[in-house]
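Coordinates from upload-v9.tsv are shown below (TSV, C-alpha atoms).
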chain	number	residue	atom	x	y	z
F	82	MET	CA	19.30	9.34	-60.08
F	83	GLU	CA	16.97	9.51	-57.09
F	84	GLU	CA	14.12	8.27	-59.28
F	85	PHE	CA	16.09	5.10	-60.02
F	86	LEU	CA	16.24	4.26	-56.31
F	87	ARG	CA	12.57	5.16	-55.90
F	88	GLU	CA	11.54	2.86	-58.76
F	89	GLN	CA	13.49	0.03	-57.16
F	90	ILE	CA	11.74	0.52	-53.81
F	91	GLU	CA	8.32	1.00	-55.41
F	92	LYS	CA	8.54	-2.34	-57.16
F	93	ILE	CA	7.81	-3.65	-53.66
F	94	VAL	CA	6.18	-0.85	-51.61
F	95	LYS	CA	4.53	2.41	-52.68
F	96	LEU	CA	5.88	5.54	-50.95
F	97	SER	CA	4.50	9.06	-50.74
F	98	ASP	CA	6.87	11.88	-51.80
F	99	ASP	CA	7.48	12.67	-48.14
F	100	GLU	CA	8.17	9.04	-47.30
F	101	PHE	CA	10.63	8.73	-50.18
F	102	SER	CA	12.43	11.95	-49.15
F	103	PHE	CA	12.65	10.60	-45.62
F	104	ALA	CA	14.00	7.25	-46.86
F	105	LEU	CA	16.47	8.97	-49.21
F	106	SER	CA	17.85	11.08	-46.35
F	107	HIS	CA	19.27	7.85	-44.86
F	108	PHE	CA	21.32	7.12	-48.01
F	109	SER	CA	24.51	8.71	-49.33
F	110	PHE	CA	25.80	8.84	-52.89
F	111	LYS	CA	29.23	7.85	-54.22
F	112	ALA	CA	30.94	7.70	-57.63
F	113	LEU	CA	33.92	5.42	-58.29
F	114	LYS	CA	36.18	4.77	-61.25
F	115	LYS	CA	36.82	1.41	-62.90
F	116	HIS	CA	39.33	-0.66	-60.85
F	117	GLN	CA	38.63	1.35	-57.68
F	118	TYR	CA	37.93	-0.63	-54.50
F	119	LEU	CA	34.68	-0.09	-52.61
F	120	VAL	CA	35.46	-2.63	-49.87
F	121	GLN	CA	38.82	-4.09	-48.91
F	122	ALA	CA	39.11	-7.38	-46.97
F	123	GLY	CA	40.24	-6.70	-43.40
F	124	ASP	CA	38.68	-3.23	-43.26
F	125	PRO	CA	35.26	-2.36	-41.83
F	126	ALA	CA	32.51	-2.55	-44.47
F	127	PRO	CA	29.63	-0.74	-42.80
F	128	ASN	CA	27.46	-0.06	-45.87
F	129	ASP	CA	25.11	-1.83	-48.25
F	130	HIS	CA	25.25	-0.41	-51.80
F	131	PHE	CA	22.59	0.05	-54.47
F	132	VAL	CA	24.05	0.37	-57.97
F	133	VAL	CA	22.67	3.26	-60.05
F	134	LYS	CA	25.18	2.86	-62.89
F	135	GLY	CA	28.13	0.56	-63.47
F	136	LEU	CA	29.29	-2.93	-62.59
F	137	LEU	CA	31.08	-4.35	-59.54
F	138	ARG	CA	32.13	-7.71	-58.19
F	139	SER	CA	32.70	-9.06	-54.70
F	140	PHE	CA	35.43	-11.66	-54.33
F	141	TYR	CA	37.26	-13.74	-51.78
F	142	ILE	CA	41.00	-14.42	-51.87
F	143	ASP	CA	41.78	-17.79	-50.29
F	144	GLU	CA	44.90	-18.76	-48.33
F	145	GLN	CA	46.61	-19.92	-51.53
F	146	GLY	CA	46.00	-16.48	-53.07
F	147	LYS	CA	43.33	-17.77	-55.46
F	148	THR	CA	40.41	-15.42	-56.25
F	149	HIS	CA	36.80	-16.67	-55.97
F	150	ILE	CA	34.00	-14.40	-57.22
F	151	MET	CA	31.02	-14.31	-54.86
F	152	GLN	CA	28.78	-11.89	-56.72
F	153	PHE	CA	28.44	-9.37	-59.53
F	154	ALA	CA	26.24	-6.28	-59.25
F	155	MET	CA	24.99	-4.03	-62.04
F	156	GLU	CA	22.27	-1.37	-62.22
F	157	ASP	CA	19.37	-2.03	-59.82
F	158	TRP	CA	21.32	-4.63	-57.77
F	159	TRP	CA	22.67	-4.44	-54.24
F	160	ILE	CA	26.15	-5.43	-53.11
F	161	SER	CA	27.92	-5.64	-49.74
F	162	ASP	CA	29.94	-7.97	-47.56
F	163	PRO	CA	26.83	-9.20	-45.72
F	164	GLN	CA	28.72	-10.67	-42.77
F	165	ALA	CA	30.68	-7.46	-42.20
F	166	TYR	CA	27.56	-5.36	-42.74
F	167	PHE	CA	25.12	-7.19	-40.48
F	168	ASN	CA	27.59	-8.28	-37.78
F	169	LYS	CA	29.68	-5.08	-37.85
F	170	THR	CA	32.90	-7.09	-38.32
F	171	ASN	CA	35.75	-6.47	-40.73
F	172	ALA	CA	35.25	-7.55	-44.33
F	173	ILE	CA	36.28	-10.99	-45.56
F	174	LEU	CA	35.38	-10.01	-49.13
F	175	ASN	CA	36.78	-7.38	-51.48
F	176	ILE	CA	34.49	-5.36	-53.74
F	177	ASP	CA	35.89	-3.50	-56.76
F	178	CYS	CA	34.51	-1.73	-59.81
F	179	LEU	CA	34.61	-3.44	-63.21
F	180	GLU	CA	33.25	-0.24	-64.82
F	181	ASP	CA	32.89	3.39	-63.68
F	182	THR	CA	30.21	3.19	-61.03
F	183	GLN	CA	27.64	5.37	-59.25
F	184	LEU	CA	25.79	4.10	-56.21
F	185	TYR	CA	23.68	4.89	-53.19
F	186	TYR	CA	24.76	3.37	-49.89
F	187	ILE	CA	23.22	3.00	-46.46
F	188	SER	CA	24.87	2.09	-43.14
F	189	ILE	CA	23.36	-0.64	-40.96
F	190	GLU	CA	22.62	2.01	-38.30
F	191	ASN	CA	20.73	4.17	-40.79
F	192	ARG	CA	18.91	1.16	-42.15
F	193	GLU	CA	17.75	0.14	-38.67
F	194	LYS	CA	16.67	3.73	-37.91
F	195	LEU	CA	14.81	3.97	-41.20
F	196	CYS	CA	13.08	0.61	-40.72
F	197	ALA	CA	12.04	1.50	-37.18
F	198	GLU	CA	10.46	4.75	-38.42
F	199	LEU	CA	8.95	3.50	-41.67
F	200	GLN	CA	7.74	-0.08	-41.56
F	201	LYS	CA	7.26	-0.14	-45.34
F	202	MET	CA	11.05	0.04	-45.66
F	203	GLU	CA	11.49	-2.86	-43.23
F	204	TYR	CA	9.14	-4.81	-45.50
F	205	PHE	CA	11.14	-3.72	-48.57
F	206	PHE	CA	14.47	-4.84	-47.10
F	207	MET	CA	12.89	-8.11	-45.95
F	208	LYS	CA	11.70	-8.84	-49.48
F	209	LYS	CA	15.13	-8.03	-50.95
F	210	SER	CA	16.77	-10.18	-48.32
F	211	ASN	CA	14.50	-13.13	-49.07
F	212	ALA	CA	15.20	-12.85	-52.80
F	213	GLY	CA	18.94	-12.76	-52.06
F	214	TYR	CA	18.61	-15.86	-49.89
F	215	ILE	CA	16.85	-17.73	-52.68
F	216	ALA	CA	19.54	-16.69	-55.18
F	217	LEU	CA	22.32	-17.93	-52.88
F	218	GLN	CA	20.54	-21.23	-52.39
F	219	ARG	CA	20.20	-21.65	-56.16
F	220	ARG	CA	23.92	-20.99	-56.44
F	221	ILE	CA	24.71	-23.71	-53.86
F	222	LEU	CA	22.51	-26.23	-55.67
F	223	SER	CA	24.23	-25.26	-58.90
F	224	LEU	CA	27.73	-25.68	-57.43
F	225	MET	CA	26.80	-29.07	-55.96
F	226	SER	CA	24.73	-30.61	-58.71
F	227	GLN	CA	25.45	-29.04	-62.10
F	228	LYS	CA	28.17	-29.67	-64.64
F	229	ALA	CA	30.17	-26.71	-66.02
F	230	GLU	CA	28.05	-26.50	-69.16
F	231	GLU	CA	24.78	-26.47	-67.20
F	232	ARG	CA	26.09	-23.76	-64.87
F	233	PHE	CA	27.07	-21.65	-67.84
F	234	THR	CA	23.70	-22.13	-69.55
F	235	GLN	CA	21.90	-21.13	-66.35
F	236	PHE	CA	24.10	-18.03	-66.00
F	237	VAL	CA	23.37	-16.95	-69.59
F	238	THR	CA	19.63	-17.50	-69.08
F	239	LEU	CA	19.50	-15.60	-65.80
F	240	TYR	CA	21.88	-12.75	-66.70
F	241	PRO	CA	22.11	-12.30	-70.49
F	242	SER	CA	23.36	-8.71	-70.24
F	243	LEU	CA	26.23	-9.70	-67.91
F	244	LEU	CA	27.53	-12.04	-70.60
F	245	GLN	CA	28.10	-9.00	-72.84
F	246	ARG	CA	29.68	-6.80	-70.18
F	247	LEU	CA	32.00	-9.21	-68.36
F	248	PRO	CA	35.41	-10.55	-69.37
F	249	LYS	CA	35.13	-14.31	-69.90
F	250	ALA	CA	37.79	-14.98	-67.25
F	251	LEU	CA	35.55	-13.44	-64.60
F	252	ILE	CA	32.52	-15.48	-65.64
F	253	ALA	CA	34.68	-18.61	-65.44
F	254	SER	CA	35.84	-17.65	-61.94
F	255	TYR	CA	32.25	-16.99	-60.81
F	256	LEU	CA	31.10	-20.36	-62.14
F	257	GLY	CA	34.08	-22.20	-60.69
F	258	ILE	CA	35.16	-23.55	-64.09
F	259	SER	CA	38.38	-23.15	-66.06
F	260	ARG	CA	38.63	-20.53	-68.77
F	261	GLU	CA	39.47	-23.29	-71.27
F	262	THR	CA	36.22	-25.08	-70.42
F	263	LEU	CA	34.30	-21.82	-70.79
F	264	SER	CA	35.83	-21.11	-74.20
F	265	ARG	CA	34.37	-24.40	-75.48
F	266	MET	CA	30.83	-23.39	-74.47
F	267	PRO	CA	28.29	-22.42	-77.15
F	268	LEU	CA	27.31	-18.69	-77.31
F	269	THR	CA	30.75	-17.38	-76.29
H	22	MET	CA	7.40	-26.26	-25.64
H	23	GLU	CA	6.06	-22.73	-26.07
H	24	GLU	CA	8.83	-21.44	-23.84
H	25	PHE	CA	11.41	-22.84	-26.25
H	26	LEU	CA	9.98	-20.74	-29.08
H	27	ARG	CA	9.76	-17.71	-26.79
H	28	GLU	CA	13.42	-18.05	-25.76
H	29	GLN	CA	14.43	-18.20	-29.41
H	30	ILE	CA	12.50	-15.01	-30.22
H	31	GLU	CA	13.69	-13.24	-27.07
H	32	LYS	CA	17.33	-13.78	-27.99
H	33	ILE	CA	16.59	-10.99	-30.47
H	34	VAL	CA	13.51	-9.03	-29.24
H	35	LYS	CA	11.81	-8.90	-25.84
H	36	LEU	CA	8.05	-9.60	-25.90
H	37	SER	CA	5.37	-9.02	-23.26
H	38	ASP	CA	3.21	-12.04	-22.35
H	39	ASP	CA	0.41	-10.65	-24.52
H	40	GLU	CA	2.73	-10.06	-27.44
H	41	PHE	CA	4.10	-13.60	-27.22
H	42	SER	CA	0.58	-15.08	-27.03
H	43	PHE	CA	-0.35	-13.03	-30.08
H	44	ALA	CA	2.76	-14.19	-31.96
H	45	LEU	CA	2.20	-17.83	-30.92
H	46	SER	CA	-1.38	-17.72	-32.24
H	47	HIS	CA	0.10	-17.43	-35.75
H	48	PHE	CA	2.04	-20.71	-35.39
H	49	SER	CA	0.84	-24.31	-35.45
H	50	PHE	CA	2.46	-27.38	-33.91
H	51	LYS	CA	3.30	-30.70	-35.55
H	52	ALA	CA	4.98	-33.97	-34.48
H	53	LEU	CA	6.59	-36.32	-37.01
H	54	LYS	CA	8.31	-39.69	-36.83
H	55	LYS	CA	11.81	-40.52	-38.06
H	56	HIS	CA	11.81	-41.01	-41.87
H	57	GLN	CA	8.57	-39.04	-42.29
H	58	TYR	CA	8.54	-36.32	-44.98
H	59	LEU	CA	7.71	-32.74	-44.02
H	60	VAL	CA	8.09	-31.36	-47.57
H	61	GLN	CA	8.05	-33.26	-50.85
H	62	ALA	CA	9.57	-31.79	-54.04
H	63	GLY	CA	6.82	-30.82	-56.47
H	64	ASP	CA	4.25	-30.14	-53.74
H	65	PRO	CA	3.45	-26.73	-52.23
H	66	ALA	CA	5.61	-25.97	-49.18
H	67	PRO	CA	3.81	-23.04	-47.59
H	68	ASN	CA	5.40	-23.14	-44.13
H	69	ASP	CA	8.62	-22.24	-42.36
H	70	HIS	CA	9.41	-24.61	-39.47
H	71	PHE	CA	11.07	-24.05	-36.10
H	72	VAL	CA	12.47	-27.24	-34.58
H	73	VAL	CA	11.58	-27.84	-30.92
H	74	LYS	CA	12.97	-31.36	-30.79
H	75	GLY	CA	14.55	-33.65	-33.36
H	76	LEU	CA	16.65	-33.45	-36.50
H	77	LEU	CA	15.73	-32.93	-40.16
H	78	ARG	CA	17.47	-32.41	-43.47
H	79	SER	CA	16.51	-30.67	-46.69
H	80	PHE	CA	17.86	-32.16	-49.89
H	81	TYR	CA	17.73	-31.82	-53.63
H	82	ILE	CA	17.58	-34.78	-56.04
H	83	ASP	CA	19.26	-33.89	-59.34
H	84	GLU	CA	18.32	-35.15	-62.81
H	85	GLN	CA	20.68	-38.09	-62.44
H	86	GLY	CA	18.92	-39.10	-59.23
H	87	LYS	CA	21.81	-38.03	-57.00
H	88	THR	CA	20.95	-36.56	-53.59
H	89	HIS	CA	22.52	-33.25	-52.45
H	90	ILE	CA	21.95	-32.12	-48.88
H	91	MET	CA	21.17	-28.42	-48.61
H	92	GLN	CA	20.71	-28.09	-44.86
H	93	PHE	CA	20.31	-29.87	-41.55
H	94	ALA	CA	18.09	-28.50	-38.75
H	95	MET	CA	18.09	-29.47	-35.09
H	96	GLU	CA	16.59	-27.87	-31.97
H	97	ASP	CA	16.39	-24.06	-32.19
H	98	TRP	CA	16.94	-24.01	-35.99
H	99	TRP	CA	14.55	-23.14	-38.80
H	100	ILE	CA	14.01	-25.15	-41.99
H	101	SER	CA	11.95	-24.65	-45.15
H	102	ASP	CA	12.22	-24.62	-48.92
H	103	PRO	CA	12.82	-20.83	-49.02
H	104	GLN	CA	11.98	-20.43	-52.69
H	105	ALA	CA	8.67	-22.30	-52.34
H	106	TYR	CA	7.92	-20.46	-49.09
H	107	PHE	CA	8.62	-16.89	-50.15
H	108	ASN	CA	7.51	-17.17	-53.79
H	109	LYS	CA	4.54	-19.49	-53.11
H	110	THR	CA	5.79	-21.98	-55.73
H	111	ASN	CA	6.05	-25.75	-55.49
H	112	ALA	CA	9.02	-27.17	-53.60
H	113	ILE	CA	12.27	-28.06	-55.35
H	114	LEU	CA	13.63	-29.52	-52.11
H	115	ASN	CA	12.55	-32.44	-49.97
H	116	ILE	CA	12.63	-32.23	-46.18
H	117	ASP	CA	12.53	-35.40	-44.08
H	118	CYS	CA	13.08	-36.33	-40.43
H	119	LEU	CA	16.32	-38.01	-39.37
H	120	GLU	CA	14.92	-38.39	-35.83
H	121	ASP	CA	11.44	-38.15	-34.27
H	122	THR	CA	10.67	-34.45	-34.53
H	123	GLN	CA	8.44	-31.78	-32.97
H	124	LEU	CA	8.14	-28.36	-34.53
H	125	TYR	CA	6.24	-25.11	-34.77
H	126	TYR	CA	5.42	-23.85	-38.24
H	127	ILE	CA	4.11	-20.61	-39.71
H	128	SER	CA	2.68	-19.91	-43.17
H	129	ILE	CA	3.95	-16.96	-45.20
H	130	GLU	CA	0.50	-15.36	-44.94
H	131	ASN	CA	0.52	-15.64	-41.16
H	132	ARG	CA	4.07	-14.38	-41.00
H	133	GLU	CA	3.19	-11.30	-43.04
H	134	LYS	CA	0.10	-10.66	-40.90
H	135	LEU	CA	2.11	-11.05	-37.71
H	136	CYS	CA	4.90	-8.77	-38.95
H	137	ALA	CA	2.41	-6.10	-40.04
H	138	GLU	CA	0.80	-6.12	-36.57
H	139	LEU	CA	3.92	-6.49	-34.45
H	140	GLN	CA	6.99	-4.79	-35.84
H	141	LYS	CA	9.22	-6.51	-33.30
H	142	MET	CA	8.50	-9.78	-35.10
H	143	GLU	CA	9.40	-8.25	-38.46
H	144	TYR	CA	12.73	-7.27	-36.85
H	145	PHE	CA	13.12	-10.79	-35.46
H	146	PHE	CA	12.55	-12.45	-38.86
H	147	MET	CA	14.85	-9.92	-40.51
H	148	LYS	CA	17.65	-10.79	-38.10
H	149	LYS	CA	17.13	-14.54	-38.63
H	150	SER	CA	17.06	-13.99	-42.37
H	151	ASN	CA	20.32	-12.03	-42.31
H	152	ALA	CA	22.02	-14.73	-40.24
H	153	GLY	CA	20.79	-17.34	-42.71
H	154	TYR	CA	22.15	-15.31	-45.61
H	155	ILE	CA	25.56	-15.10	-43.98
H	156	ALA	CA	25.57	-18.87	-43.35
H	157	LEU	CA	24.72	-19.58	-47.00
H	158	GLN	CA	27.47	-17.26	-48.16
H	159	ARG	CA	29.97	-19.02	-45.90
H	160	ARG	CA	28.85	-22.32	-47.43
H	161	ILE	CA	29.45	-21.00	-50.97
H	162	LEU	CA	32.92	-19.78	-50.06
H	163	SER	CA	33.60	-23.15	-48.49
H	164	LEU	CA	32.41	-25.07	-51.57
H	165	MET	CA	34.51	-22.86	-53.85
H	166	SER	CA	37.71	-22.46	-51.90
H	167	GLN	CA	38.17	-25.24	-49.33
H	168	LYS	CA	39.56	-28.73	-49.65
H	169	ALA	CA	37.53	-31.66	-48.26
H	170	GLU	CA	39.55	-31.77	-45.05
H	171	GLU	CA	39.09	-28.06	-44.41
H	172	ARG	CA	35.35	-28.30	-45.04
H	173	PHE	CA	35.10	-31.16	-42.58
H	174	THR	CA	37.12	-29.30	-39.92
H	175	GLN	CA	34.89	-26.23	-40.33
H	176	PHE	CA	31.76	-28.39	-40.02
H	177	VAL	CA	33.02	-30.01	-36.81
H	178	THR	CA	33.94	-26.62	-35.35
H	179	LEU	CA	30.60	-25.02	-36.23
H	180	TYR	CA	28.33	-27.97	-35.41
H	181	PRO	CA	30.04	-30.35	-32.96
H	182	SER	CA	26.74	-31.88	-31.79
H	183	LEU	CA	25.68	-32.72	-35.36
H	184	LEU	CA	28.80	-34.84	-35.76
H	185	GLN	CA	27.48	-37.12	-32.99
H	186	ARG	CA	23.91	-37.32	-34.26
H	187	LEU	CA	24.37	-37.73	-38.01
H	188	PRO	CA	25.34	-40.81	-40.05
H	189	LYS	CA	28.72	-40.17	-41.70
H	190	ALA	CA	27.25	-40.71	-45.17
H	191	LEU	CA	24.97	-37.71	-44.67
H	192	ILE	CA	27.81	-35.46	-43.49
H	193	ALA	CA	29.79	-36.49	-46.59
H	194	SER	CA	26.83	-35.66	-48.83
H	195	TYR	CA	26.39	-32.25	-47.16
H	196	LEU	CA	30.07	-31.44	-47.59
H	197	GLY	CA	30.15	-32.71	-51.17
H	198	ILE	CA	32.93	-35.22	-50.45
H	199	SER	CA	33.05	-38.99	-50.81
H	200	ARG	CA	32.40	-41.21	-47.81
H	201	GLU	CA	35.84	-42.76	-48.32
H	202	THR	CA	37.47	-39.33	-48.04
H	203	LEU	CA	35.43	-38.60	-44.91
H	204	SER	CA	36.44	-41.88	-43.27
H	205	ARG	CA	40.09	-40.81	-43.52
H	206	MET	CA	39.43	-37.58	-41.59
H	207	PRO	CA	40.59	-37.23	-37.99
H	208	LEU	CA	37.86	-37.26	-35.28
H	209	THR	CA	35.56	-39.69	-37.12
As structure tokens, what does this structure read like?
Amino acid sequence: MEEFLREQIEKIVKLSDDEFSFALSHFSFKALKKHQYLVQAGDPAPNDHFVVKGLLRSFYIDEQGKTHIMQFAMEDWWISDPQAYFNKTNAILNIDCLEDTQLYYISIENREKLCAELQKMEYFFMKKSNAGYIALQRRILSLMSQKAEERFTQFVTLYPSLLQRLPKALIASYLGISRETLSRMPLT
Amino acid sequence: MEEFLREQIEKIVKLSDDEFSFALSHFSFKALKKHQYLVQAGDPAPNDHFVVKGLLRSFYIDEQGKTHIMQFAMEDWWISDPQAYFNKTNAILNIDCLEDTQLYYISIENREKLCAELQKMEYFFMKKSNAGYIALQRRILSLMSQKAEERFTQFVTLYPSLLQRLPKALIASYLGISRETLSRMPLT
């Protein structure tokens, strides 16, 4: 379990055993069941979460009650309400489990303490943050410029394993296309 | 000019005169005329840019030749092609000047050197990066869940000065709405 987190960090920075133990001491562990909520809109959401096992989604419910999926997260991915996390405000997103889930989580206070003590971890979080920024920008370009079929093809290419694990209705919601349109796509 | 960059950094971390001089030595300065390109899609785009004076936009041209505006940047804002910058790939975005522009820029190599030497600057870039991530996420939620009129109202609330400086056609392109729809909005 710990090794999984260490491998993730060591893809970017190498840590000694002592450094990893020190980093790990800033994280906590949690297990949740399918359907359980990790974050509820309106509540504080003071942690960022690293998925060891399972599958979650973050989603926004608009004023008309419609659900919009912001993100999925499976093994080796991170998930949070970034605005609530970084600005210490209440969540605007919900996060729930689509499968039984195990994760490590770290508060913003612990992350800042850890980064101040161990600059390698500041570098690690910076790299993750930059990759997340690029992914969000790709999503914006996709929403603005691609047709439903192109968005679906890109999703399948980027995340083939998610296609197997997710109900089609959730993929349609993530891509902003109707389930009927999705059912006409090749590969489904 | 230098003071403007220092004020921006010191909104987040305080620097001694020596520290600021050291940080500044990693930046270069550039002046461009209205209509001039800062980044051209297909070329390397190795710098992140801090606007001292002027106004720029980054935009994507899709396969059908349609232009999609990713971002504007005025005084005190940063602009780059993040994917090209962080991954050292060629640009997928273009960046051009909507007004005569003056800016500081920093290469990814210089940024990494600076951050390794001066952890305060790593913290500064991390904070900017987090704020950028939150802004992109807000944009995605807006594209997915808001009607044209709501998107326009949010834009005016967030960026009142941009409304004065930008041609309406560019605001419409940024918001992903037609110019005809925009012309029916209040306040224009």
Check: With only C-alpha atoms as the basis for distance, which of H:Asn111, H:Phe41, H:Ile161, H:Ala137 is at the shortest distance from H:Glu28?
Finding: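 For H:Glu28, the nearest of the given residues is H:Phe41.
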Counting all atoms listed in the file, chain F residues within 10 Å of chain H, as a PDB file with C-alpha atoms, in the coordinates of the input:
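Saved result, out34.pdb, follows:
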ATOM      1  CA  PHE F 140      35.430 -11.660 -54.330  1.00  0.00           C
ATOM      2  CA  TYR F 141      37.260 -13.740 -51.780  1.00  0.00           C
ATOM      3  CA  ILE F 142      41.000 -14.420 -51.870  1.00  0.00           C
ATOM      4  CA  ASP F 143      41.780 -17.790 -50.290  1.00  0.00           C
ATOM      5  CA  GLU F 144      44.900 -18.760 -48.330  1.00  0.00           C
ATOM      6  CA  GLN F 145      46.610 -19.920 -51.530  1.00  0.00           C
ATOM      7  CA  LYS F 147      43.330 -17.770 -55.460  1.00  0.00           C
ATOM      8  CA  THR F 148      40.410 -15.420 -56.250  1.00  0.00           C
ATOM      9  CA  HIS F 149      36.800 -16.670 -55.970  1.00  0.00           C
ATOM     10  CA  ILE F 150      34.000 -14.400 -57.220  1.00  0.00           C
ATOM     11  CA  MET F 151      31.020 -14.310 -54.860  1.00  0.00           C
ATOM     12  CA  ASP F 162      29.940  -7.970 -47.560  1.00  0.00           C
ATOM     13  CA  PRO F 163      26.830  -9.200 -45.720  1.00  0.00           C
ATOM     14  CA  GLN F 164      28.720 -10.670 -42.770  1.00  0.00           C
ATOM     15  CA  ALA F 165      30.680  -7.460 -42.200  1.00  0.00           C
ATOM     16  CA  TYR F 166      27.560  -5.360 -42.740  1.00  0.00           C
ATOM     17  CA  PHE F 167      25.120  -7.190 -40.480  1.00  0.00           C
ATOM     18  CA  ASN F 168      27.590  -8.280 -37.780  1.00  0.00           C
ATOM     19  CA  GLU F 193      17.750   0.140 -38.670  1.00  0.00           C
ATOM     20  CA  CYS F 196      13.080   0.610 -40.720  1.00  0.00           C
ATOM     21  CA  ALA F 197      12.040   1.500 -37.180  1.00  0.00           C
ATOM     22  CA  GLN F 200       7.740  -0.080 -41.560  1.00  0.00           C
ATOM     23  CA  LYS F 201       7.260  -0.140 -45.340  1.00  0.00           C
ATOM     24  CA  GLU F 203      11.490  -2.860 -43.230  1.00  0.00           C
ATOM     25  CA  TYR F 204       9.140  -4.810 -45.500  1.00  0.00           C
ATOM     26  CA  PHE F 206      14.470  -4.840 -47.100  1.00  0.00           C
ATOM     27  CA  MET F 207      12.890  -8.110 -45.950  1.00  0.00           C
ATOM     28  CA  LYS F 208      11.700  -8.840 -49.480  1.00  0.00           C
ATOM     29  CA  SER F 210      16.770 -10.180 -48.320  1.00  0.00           C
ATOM     30  CA  ASN F 211      14.500 -13.130 -49.070  1.00  0.00           C
ATOM     31  CA  ALA F 212      15.200 -12.850 -52.800  1.00  0.00           C
ATOM     32  CA  GLY F 213      18.940 -12.760 -52.060  1.00  0.00           C
ATOM     33  CA  TYR F 214      18.610 -15.860 -49.890  1.00  0.00           C
ATOM     34  CA  ILE F 215      16.850 -17.730 -52.680  1.00  0.00           C
ATOM     35  CA  ALA F 216      19.540 -16.690 -55.180  1.00  0.00           C
ATOM     36  CA  LEU F 217      22.320 -17.930 -52.880  1.00  0.00           C
ATOM     37  CA  GLN F 218      20.540 -21.230 -52.390  1.00  0.00           C
ATOM     38  CA  ARG F 219      20.200 -21.650 -56.160  1.00  0.00           C
ATOM     39  CA  ARG F 220      23.920 -20.990 -56.440  1.00  0.00           C
ATOM     40  CA  ILE F 221      24.710 -23.710 -53.860  1.00  0.00           C
ATOM     41  CA  LEU F 222      22.510 -26.230 -55.670  1.00  0.00           C
ATOM     42  CA  SER F 223      24.230 -25.260 -58.900  1.00  0.00           C
ATOM     43  CA  LEU F 224      27.730 -25.680 -57.430  1.00  0.00           C
ATOM     44  CA  MET F 225      26.800 -29.070 -55.960  1.00  0.00           C
ATOM     45  CA  SER F 226      24.730 -30.610 -58.710  1.00  0.00           C
ATOM     46  CA  GLN F 227      25.450 -29.040 -62.100  1.00  0.00           C
ATOM     47  CA  SER F 254      35.840 -17.650 -61.940  1.00  0.00           C
ATOM     48  CA  TYR F 255      32.250 -16.990 -60.810  1.00  0.00           C
ATOM     49  CA  LEU F 256      31.100 -20.360 -62.140  1.00  0.00           C
ATOM     50  CA  GLY F 257      34.080 -22.200 -60.690  1.00  0.00           C
TER      51      GLY F 257
END
Note to self: Quick check, in Å to one decimal: how far apart do atom CA of F:Leu263 and atom CA of F:Phe233 lie?
What the structure shows: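 Computing the Euclidean distance for atom CA of F:Leu263 and atom CA of F:Phe233 yields 7.8 Å.
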Item checked: atom CA of H:Ala112 to atom CA of H:Glu130, distance in Å rounded to a single decimal -> 16.9 Å
Next item on the list: Identify the residues around (35.2, -24.8, -67.6) within a radius of 12 Å, measuring from only C-alpha atoms in the coordinates stated by the file, and give them as a PyMOL selection string.
Entry: chain F and resi 227-234+249-266
Let me see the file: selected residues, C-alpha atoms, as a PDB file, in the coordinates of the input.
ATOM      1  CA  GLN F 227      25.450 -29.040 -62.100  1.00  0.00           C
ATOM      2  CA  LYS F 228      28.170 -29.670 -64.640  1.00  0.00           C
ATOM      3  CA  ALA F 229      30.170 -26.710 -66.020  1.00  0.00           C
ATOM      4  CA  GLU F 230      28.050 -26.500 -69.160  1.00  0.00           C
ATOM      5  CA  GLU F 231      24.780 -26.470 -67.200  1.00  0.00           C
ATOM      6  CA  ARG F 232      26.090 -23.760 -64.870  1.00  0.00           C
ATOM      7  CA  PHE F 233      27.070 -21.650 -67.840  1.00  0.00           C
ATOM      8  CA  THR F 234      23.700 -22.130 -69.550  1.00  0.00           C
ATOM      9  CA  LYS F 249      35.130 -14.310 -69.900  1.00  0.00           C
ATOM     10  CA  ALA F 250      37.790 -14.980 -67.250  1.00  0.00           C
ATOM     11  CA  LEU F 251      35.550 -13.440 -64.600  1.00  0.00           C
ATOM     12  CA  ILE F 252      32.520 -15.480 -65.640  1.00  0.00           C
ATOM     13  CA  ALA F 253      34.680 -18.610 -65.440  1.00  0.00           C
ATOM     14  CA  SER F 254      35.840 -17.650 -61.940  1.00  0.00           C
ATOM     15  CA  TYR F 255      32.250 -16.990 -60.810  1.00  0.00           C
ATOM     16  CA  LEU F 256      31.100 -20.360 -62.140  1.00  0.00           C
ATOM     17  CA  GLY F 257      34.080 -22.200 -60.690  1.00  0.00           C
ATOM     18  CA  ILE F 258      35.160 -23.550 -64.090  1.00  0.00           C
ATOM     19  CA  SER F 259      38.380 -23.150 -66.060  1.00  0.00           C
ATOM     20  CA  ARG F 260      38.630 -20.530 -68.770  1.00  0.00           C
ATOM     21  CA  GLU F 261      39.470 -23.290 -71.270  1.00  0.00           C
ATOM     22  CA  THR F 262      36.220 -25.080 -70.420  1.00  0.00           C
ATOM     23  CA  LEU F 263      34.300 -21.820 -70.790  1.00  0.00           C
ATOM     24  CA  SER F 264      35.830 -21.110 -74.200  1.00  0.00           C
ATOM     25  CA  ARG F 265      34.370 -24.400 -75.480  1.00  0.00           C
ATOM     26  CA  MET F 266      30.830 -23.390 -74.470  1.00  0.00           C
TER      27      MET F 266
END
Next item on the list: Go through F:His107, F:Ser97, F:Ser102, F:Arg138 and flag the residue nearest F:Asn191, using only C-alpha atoms for the distances.
Entry: F:His107
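Between H:Lys54 and the candidates H:Leu77, H:Leu187, H:Ile127, H:Val34, the tightest atom-to-atom separation, counting all atoms listed in the file, involves H:Leu77.
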Next item on the list: Just give me the gap between atom CA of F:Asp124 and atom CA of F:Asn175 in Å, one decimal is fine.
Entry: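 Interatomic distance here is 9.4 Å.
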